[in-house]
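Data block below; observations after.
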Amino acid sequence: MSDTTRNTLYFAAVAVLILGTGVLQSWNSALFILNMGLISAIMALGVNLQWGFAGLFNVGIMGFVALGGLAVVLTSMPPAEGVWTASGAWKILFALALGAGILLATIFTRKRMDKGRMRNLATLVLLVGGFFLFRAVFDPAVATVEAMNPAANGNIGGLNPGGENFKAHGWTTIVGWGLGGILAAGAAWLIGKTALGLRSDYLAIATLGIAEIIIAVLKNEDWLARGVKNVIGLPRPVPYEIDLQQSATFVQRAEGLGVDPVTASTLFVKLNYSILFAIVLAIIFVMSQLALKSPWGRMMRAIRDNEVAAEAMGKDVTRRHLQIFVLGSAVCGIAGAMITTLDGQLTPGTYQPLRFTFLIWVMVIVGGSGNNLGAVLGGFIIWFFWVQVEPLGLGLMHLITSGMAEGSALKAHLIDSAAHMRLLTMGLILLLVLRFSPRGLIPEK
Amino acid sequence: MDFLNAIVALSNFVLVPAIAYGSQLALGALGVTLIYGILRFSNFAHGDTMAFGAMVVVLVTWWMQSVGISFGPLPTALLALPFGILGCMALVLFTDRVVYRFYRVQKASPVILVIVSMGVMFIMNGLVRFIIGPGDQKFADGERFIISAREFKQLTGLREGLAIKTTQGLTVVTAVIVVALLFWFLNRTRTGKSMRAYSDNEDLALLSGINPERVVMYTWLIVAALATVAGTLYGLDKTFKPFIYFQLLLPIFASAIVGGLGNPVGAIAGGFVIAFSEVTITYAWKKVLKYLLPENLEPDSLVQLMSTDYKFAVSFVILLIVLLFKPTGLFKGKSV
């Protein structure tokens with residue numbers, strides 16, 4: 001069997017699984033799996049850039065995904081009223097600039113001074129003094145912003161030009177996808193600058209920590225995106241169900257197709273998302289594929305396979321690592337922005353490393369690291385199982401316990417616990433693939 | 001008097017909690033560091049190993065409580081501890097046999113083993129949630145306090161109280177005993193010496209006839225015991241919740257790396273460094289400063305350097321500083 005036939009078969013199988021969900025369960029859940037599958041495929045492409053191309057071990061994906069979500073809020077919500085004053089949001093921005101300035105000054109001083117006690121003392125004075133100065137400017141400004149209409153806002157809002165009528169400007173969320181990429185790239189650059197020199201285990205721990213810190217910031221800095229109070233009702237780039245149901249032409253068409261208008265409107269909205277996501281996936285996929293086949297991609301793989309040899313050939317390993325780390329993180333940021341758009345809200349409390357970091361890793365490993373098509377396939381398959389293991393597990397548990405006495409404690413416990421089969425299954429899939437087919441379903445060429 | 005009050009307040013809110021937390025981190029970090037030294041990979045499943053061991057202890061404790069076995073003023077969990085250790089040993093030996101050994105024979109690169117440990121982490125996490133559920137579980141019993149804040153105030157007549165929870169005292173005592181046993185084992189027994197030899201230089205150890213599989217088995221047994229003790233103490237002191245143990249992974253790794261990966265003494269030092277910095281930086285110092293500073297200098301704000309939710313950031317920043325300026329850690333660890 002040639003590679004092309006095999007790959008076609010794999011994707012046909014995915015299509016059958018999703019269509020099967022539509023026929024057996026509901027078309028709404030089939031489209032939900034498709035939409036999140038598309039986004040998962042994009043995240044997997046991002047991780048594949050870092051791990052498959054360059055061998056960078058990044059377990060901080062969750063952080064970049066969350067930053068993408070933040071970017072959507074910052075672009076698509078209208079600016080909060082009365083906050084952009086000299087003692088409010090502008091002062092926060094000034095304080096942040098001041099903080100950055102202090103850090104830059106410290107780095108500059110350390111570069112200019114000779115090693116020794118004086119340099120350490122100067123660093124300490126600058127950092128400690130700078131910290132208190134920063135807090136003195138920052139804290140009152142934050143208090144001002146958070147006191148402003150705390151029930152609905154208490155944050156700085158975003159850049160949506162629509163004002164009251166901001167929901168009509170759905171295109172701003174799509175701008176947010178781009179900004180999500182840029183924000184994630186910026187964070188990745190900062191992290192890469194400090195942590196990429198470390199060896200793989202250390203980089204893993206460092207990125208794990210960064211992701212937790214980003215989530216902690218999102219949860220606690222209420223002025224930014226309301227923290228755990230969540231931002232809800234983000235505008236959409238697609239029509240609203242309620243508008244569709246009120247439009248006479250739409251209702252007429254739906255009835256012409258023999259579908260109930262309410263169902264038809266939810267399906268129509270989801271399909272619109274699918275088209276948007278598919279376009280983004282296609283663009284990123286083509287770009288990754290071109291990158292993989294270019295001299296740049298070959299250089300990356302050469303560095304991955306033997307850093308010392310590549311360095312001896314005059315390749316700047318650290319710079320290339322930084323470059324691909326930034327690119328891969330940006331892709332994850334874009335995907336994160338798309339998730340927030342699809343959810344219509346930003347809920348920092350729901351970001352968990354198992355779901356947003358390690359699951360993506362399972363996708364890449366199972367699909368085939370180093371192969372873009374593999375990453376996409378892994379994204380779809382693993383996402384499908386992640387969603388479907390729960391009902392399947394419940395069915396399995398009912399089957400296992402069918403012989404047990406009604407009302408036995410063990411039976412009740414087993415059926416209640418079926419929801420936790422997910423993690424077990426994912427771990428099992430990962431271990432089985434690593435053991436018996438370590439190069440994944442579609443191996444690297 | 002004010003000075004004494006300041007010291008008592010400091011001990012109550014900073015020193016005692018930090019020492020207890022530091023002991024728990026040190027025990028966890030010892031496990032990570034031993035795996036790193038002998039099996040040469042960073043075990044991402046360590047947090048969930050702790051959760052599994054602690055879970056067995058919780059289950060056995062519940063059983064003991066239901067049949068009326070108790071340990072007087074001490075928590076029943078101490079009696080259940082050996083069962084937890086045995087359960088955890090069985091689990092890690094099973095995982096080693098079924099999962100890790102294959103890659104060891106293949107001489108797979110460390111990063112592959114890290115990814116494998118991610119898979120094990122998923123399975124153990126799922127297993128624990130499957131058996132005991134994702135929620136909070138209570139299993140502590142016995143006396144709650146060695147000395148409570150009220151008793152202390154009556155005893156000394158100071159305005160500030162000092163409360164020491166039984167679990168805190170127990171944590172420190174157990175940790176000291178466990179660490180002493182571990183070092184005795186590593187430095188005095190034949191098996192311990194062969195483990196250290198294997199960690200220092202694998203080839204040389206093999207040449208001198210040390211059986212690697214035996215060394216690996218003993219390592220897993222010790223790690224299982226350490227993880228169960230650490231997990232149980234943490235669960236007694238704070239709360240047992242599967243997800244919390246997963247989150248402990250970061251401070252534990254930070255402790256092990258700050259101390260120097262592969263170095264047991266370093267792991268202990270690292271645990272206390274991380275614990276003390278987390279607690280001091282997220283503590284509101286107003287109470288202590290109130291006693292120390294003259295009245296007109298009294299601070300208005302809480303003097304809290306960072307909100308408690310940023311404690312991850314503290315361990316992380318320390319980790320980063322150590323990695324950038326002293327990559328092998330405070331005590332010389334391995335750098336592969």
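Simple scheme: letters A, B, ... for chains in structure tokens order, numbers from 1 for residues in each chain, numbers from 1 for ligands in the order shown.
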
Excluding Val16 of chain B and its own-chain neighbours fewer than 2 positions away, which residues fall within 10 Å of it when counting only C-alpha atoms? Please give them as JSON, numbers by chain. {"B": [10, 11, 12, 13, 14, 18, 19, 20, 21, 22, 162, 163, 164, 165, 168, 169, 172]}

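Those residues of chain B that fall within 6 Å of chain A when using only C-alpha atoms read Gly119, Phe122, Ile123, Gly126, Phe130, Ala313 and Phe316 of chain B.
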
Hey, what's within 10 Å of Tyr198 of chain B if we count only C-alpha atoms and toss same-chain stuff fewer than 4 positions away? As JSON, numbers by chain, please? {"B": [37, 38, 39, 192, 193, 194, 202, 203, 204, 205, 206, 210, 211, 212, 215, 216]}

Selection above as a file: all heavy atoms, as a short mmCIF file (atom, residue, chain, number, x, y, z; two decimals), in the first residue's frame:
data_model
loop_
_atom_site.label_atom_id
_atom_site.label_comp_id
_atom_site.auth_asym_id
_atom_site.auth_seq_id
_atom_site.Cartn_x
_atom_site.Cartn_y
_atom_site.Cartn_z
N GLY B 37 18.97 10.39 39.16
CA GLY B 37 20.34 9.90 39.33
C GLY B 37 20.53 8.49 38.79
O GLY B 37 21.54 8.19 38.17
N ILE B 38 19.56 7.62 39.04
CA ILE B 38 19.74 6.21 38.67
C ILE B 38 19.17 5.91 37.28
O ILE B 38 19.82 5.28 36.45
CB ILE B 38 19.06 5.29 39.70
CG1 ILE B 38 19.51 5.66 41.11
CG2 ILE B 38 19.31 3.84 39.37
CD1 ILE B 38 20.81 5.08 41.53
N LEU B 39 17.93 6.33 37.04
CA LEU B 39 17.31 5.99 35.76
C LEU B 39 17.51 7.07 34.70
O LEU B 39 17.19 6.89 33.55
CB LEU B 39 15.81 5.72 35.95
CG LEU B 39 15.54 4.40 36.65
CD1 LEU B 39 14.95 4.62 38.01
CD2 LEU B 39 14.64 3.55 35.81
N GLY B 192 22.98 0.27 48.97
CA GLY B 192 23.02 1.72 48.85
C GLY B 192 24.28 2.18 48.14
O GLY B 192 24.24 3.04 47.26
N LYS B 193 25.40 1.55 48.53
CA LYS B 193 26.66 1.94 47.89
C LYS B 193 26.64 1.61 46.41
O LYS B 193 27.12 2.38 45.57
CB LYS B 193 27.82 1.22 48.58
CG LYS B 193 28.18 1.87 49.90
CD LYS B 193 29.35 1.15 50.54
CE LYS B 193 29.58 1.66 51.95
NZ LYS B 193 30.39 0.74 52.74
N SER B 194 26.06 0.44 46.08
CA SER B 194 26.03 0.09 44.66
C SER B 194 25.13 1.07 43.90
O SER B 194 25.39 1.40 42.74
CB SER B 194 25.57 -1.35 44.46
OG SER B 194 24.23 -1.49 44.87
N GLU B 202 27.94 4.68 35.36
CA GLU B 202 27.21 3.46 35.02
C GLU B 202 28.15 2.36 34.53
O GLU B 202 28.11 1.23 35.01
CB GLU B 202 26.18 3.80 33.95
CG GLU B 202 25.12 2.77 33.78
CD GLU B 202 24.13 3.18 32.71
OE1 GLU B 202 23.97 4.38 32.47
OE2 GLU B 202 23.52 2.28 32.12
N ASP B 203 29.03 2.72 33.60
CA ASP B 203 29.88 1.70 32.98
C ASP B 203 30.80 1.05 34.01
O ASP B 203 30.95 -0.17 34.05
CB ASP B 203 30.73 2.33 31.87
CG ASP B 203 29.83 2.85 30.77
OD1 ASP B 203 28.77 2.22 30.56
OD2 ASP B 203 30.17 3.86 30.14
N LEU B 204 31.39 1.90 34.84
CA LEU B 204 32.31 1.40 35.85
C LEU B 204 31.57 0.47 36.81
O LEU B 204 32.08 -0.59 37.20
CB LEU B 204 32.90 2.58 36.61
CG LEU B 204 34.31 2.37 37.15
CD1 LEU B 204 35.24 2.05 35.99
CD2 LEU B 204 34.78 3.64 37.85
N ALA B 205 30.33 0.86 37.17
CA ALA B 205 29.54 0.05 38.09
C ALA B 205 29.25 -1.31 37.46
O ALA B 205 29.34 -2.35 38.12
CB ALA B 205 28.26 0.77 38.45
N LEU B 206 28.90 -1.30 36.17
CA LEU B 206 28.60 -2.56 35.50
C LEU B 206 29.83 -3.45 35.46
O LEU B 206 29.76 -4.66 35.67
CB LEU B 206 28.12 -2.29 34.07
CG LEU B 206 26.75 -1.62 33.97
CD1 LEU B 206 26.39 -1.36 32.52
CD2 LEU B 206 25.69 -2.47 34.64
N ILE B 210 28.01 -4.93 39.36
CA ILE B 210 26.74 -4.52 39.98
C ILE B 210 25.61 -4.85 39.02
O ILE B 210 25.70 -4.59 37.82
CB ILE B 210 26.77 -3.01 40.29
CG1 ILE B 210 27.72 -2.75 41.45
CG2 ILE B 210 25.39 -2.49 40.62
CD1 ILE B 210 27.96 -1.30 41.73
N ASN B 211 24.57 -5.46 39.57
CA ASN B 211 23.46 -5.86 38.71
C ASN B 211 22.51 -4.66 38.54
O ASN B 211 21.86 -4.23 39.48
CB ASN B 211 22.72 -7.03 39.37
CG ASN B 211 21.51 -7.45 38.57
OD1 ASN B 211 21.22 -6.88 37.53
ND2 ASN B 211 20.82 -8.47 39.06
N PRO B 212 22.44 -4.10 37.29
CA PRO B 212 21.67 -2.87 37.11
C PRO B 212 20.18 -3.06 37.44
O PRO B 212 19.57 -2.16 38.01
CB PRO B 212 21.86 -2.53 35.62
CG PRO B 212 22.33 -3.79 34.99
CD PRO B 212 23.06 -4.55 36.04
N VAL B 215 19.63 -2.66 41.08
CA VAL B 215 19.74 -1.26 41.49
C VAL B 215 18.46 -0.51 41.15
O VAL B 215 17.90 0.22 41.97
CB VAL B 215 20.96 -0.61 40.80
CG1 VAL B 215 20.93 0.90 40.98
CG2 VAL B 215 22.24 -1.17 41.36
N VAL B 216 17.99 -0.75 39.92
CA VAL B 216 16.78 -0.05 39.48
C VAL B 216 15.60 -0.44 40.35
O VAL B 216 14.81 0.41 40.77
CB VAL B 216 16.51 -0.37 37.99
CG1 VAL B 216 15.11 0.08 37.60
CG2 VAL B 216 17.53 0.31 37.11
#

Just the residues within 8 Å of Tyr351 of chain A, please, counting only C-alpha atoms, with nothing from its chain fewer than 4 positions along; format it as a list in words. Met62, Ala66, Ile215, Thr347, Arg355 and Phe356 of chain A

Selection file, N, CA, C and O atoms, as a PDB file, in the first residue's frame:
ATOM      1  N   MET A  62      -0.303  25.283  27.108  1.00  0.00           N
ATOM      2  CA  MET A  62      -1.475  25.877  27.748  1.00  0.00           C
ATOM      3  C   MET A  62      -1.340  27.402  27.886  1.00  0.00           C
ATOM      4  O   MET A  62      -2.290  28.134  27.642  1.00  0.00           O
ATOM      5  N   ALA A  66      -3.801  30.188  26.253  1.00  0.00           N
ATOM      6  CA  ALA A  66      -4.541  31.153  27.070  1.00  0.00           C
ATOM      7  C   ALA A  66      -4.250  32.581  26.619  1.00  0.00           C
ATOM      8  O   ALA A  66      -5.154  33.425  26.592  1.00  0.00           O
ATOM      9  N   ILE A 215      -1.395  31.498  33.474  1.00  0.00           N
ATOM     10  CA  ILE A 215      -2.762  31.256  33.941  1.00  0.00           C
ATOM     11  C   ILE A 215      -3.010  32.009  35.259  1.00  0.00           C
ATOM     12  O   ILE A 215      -4.069  32.601  35.459  1.00  0.00           O
ATOM     13  N   THR A 347     -12.597  31.937  30.098  1.00  0.00           N
ATOM     14  CA  THR A 347     -12.735  31.443  31.469  1.00  0.00           C
ATOM     15  C   THR A 347     -11.394  30.882  31.926  1.00  0.00           C
ATOM     16  O   THR A 347     -11.123  29.699  31.752  1.00  0.00           O
ATOM     17  N   ARG A 355      -5.379  18.932  29.739  1.00  0.00           N
ATOM     18  CA  ARG A 355      -6.217  19.102  28.562  1.00  0.00           C
ATOM     19  C   ARG A 355      -5.527  19.948  27.497  1.00  0.00           C
ATOM     20  O   ARG A 355      -5.624  19.674  26.312  1.00  0.00           O
ATOM     21  N   PHE A 356      -4.823  21.024  27.914  1.00  0.00           N
ATOM     22  CA  PHE A 356      -4.327  21.973  26.930  1.00  0.00           C
ATOM     23  C   PHE A 356      -2.840  21.806  26.617  1.00  0.00           C
ATOM     24  O   PHE A 356      -2.345  22.446  25.727  1.00  0.00           O
TER      25      PHE A 356
END

Compile the contact shell of Pro134 of chain B as a ChimeraX atom specification: residues with an atom at most 7 Å away, counting only C-alpha atoms, same-chain residues fewer than 4 positions apart removed. /B:129,241-242

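Between atom CA of Ala225 of chain A and atom CA of Ile39 of chain A the interatomic distance comes to 22.7 Å.
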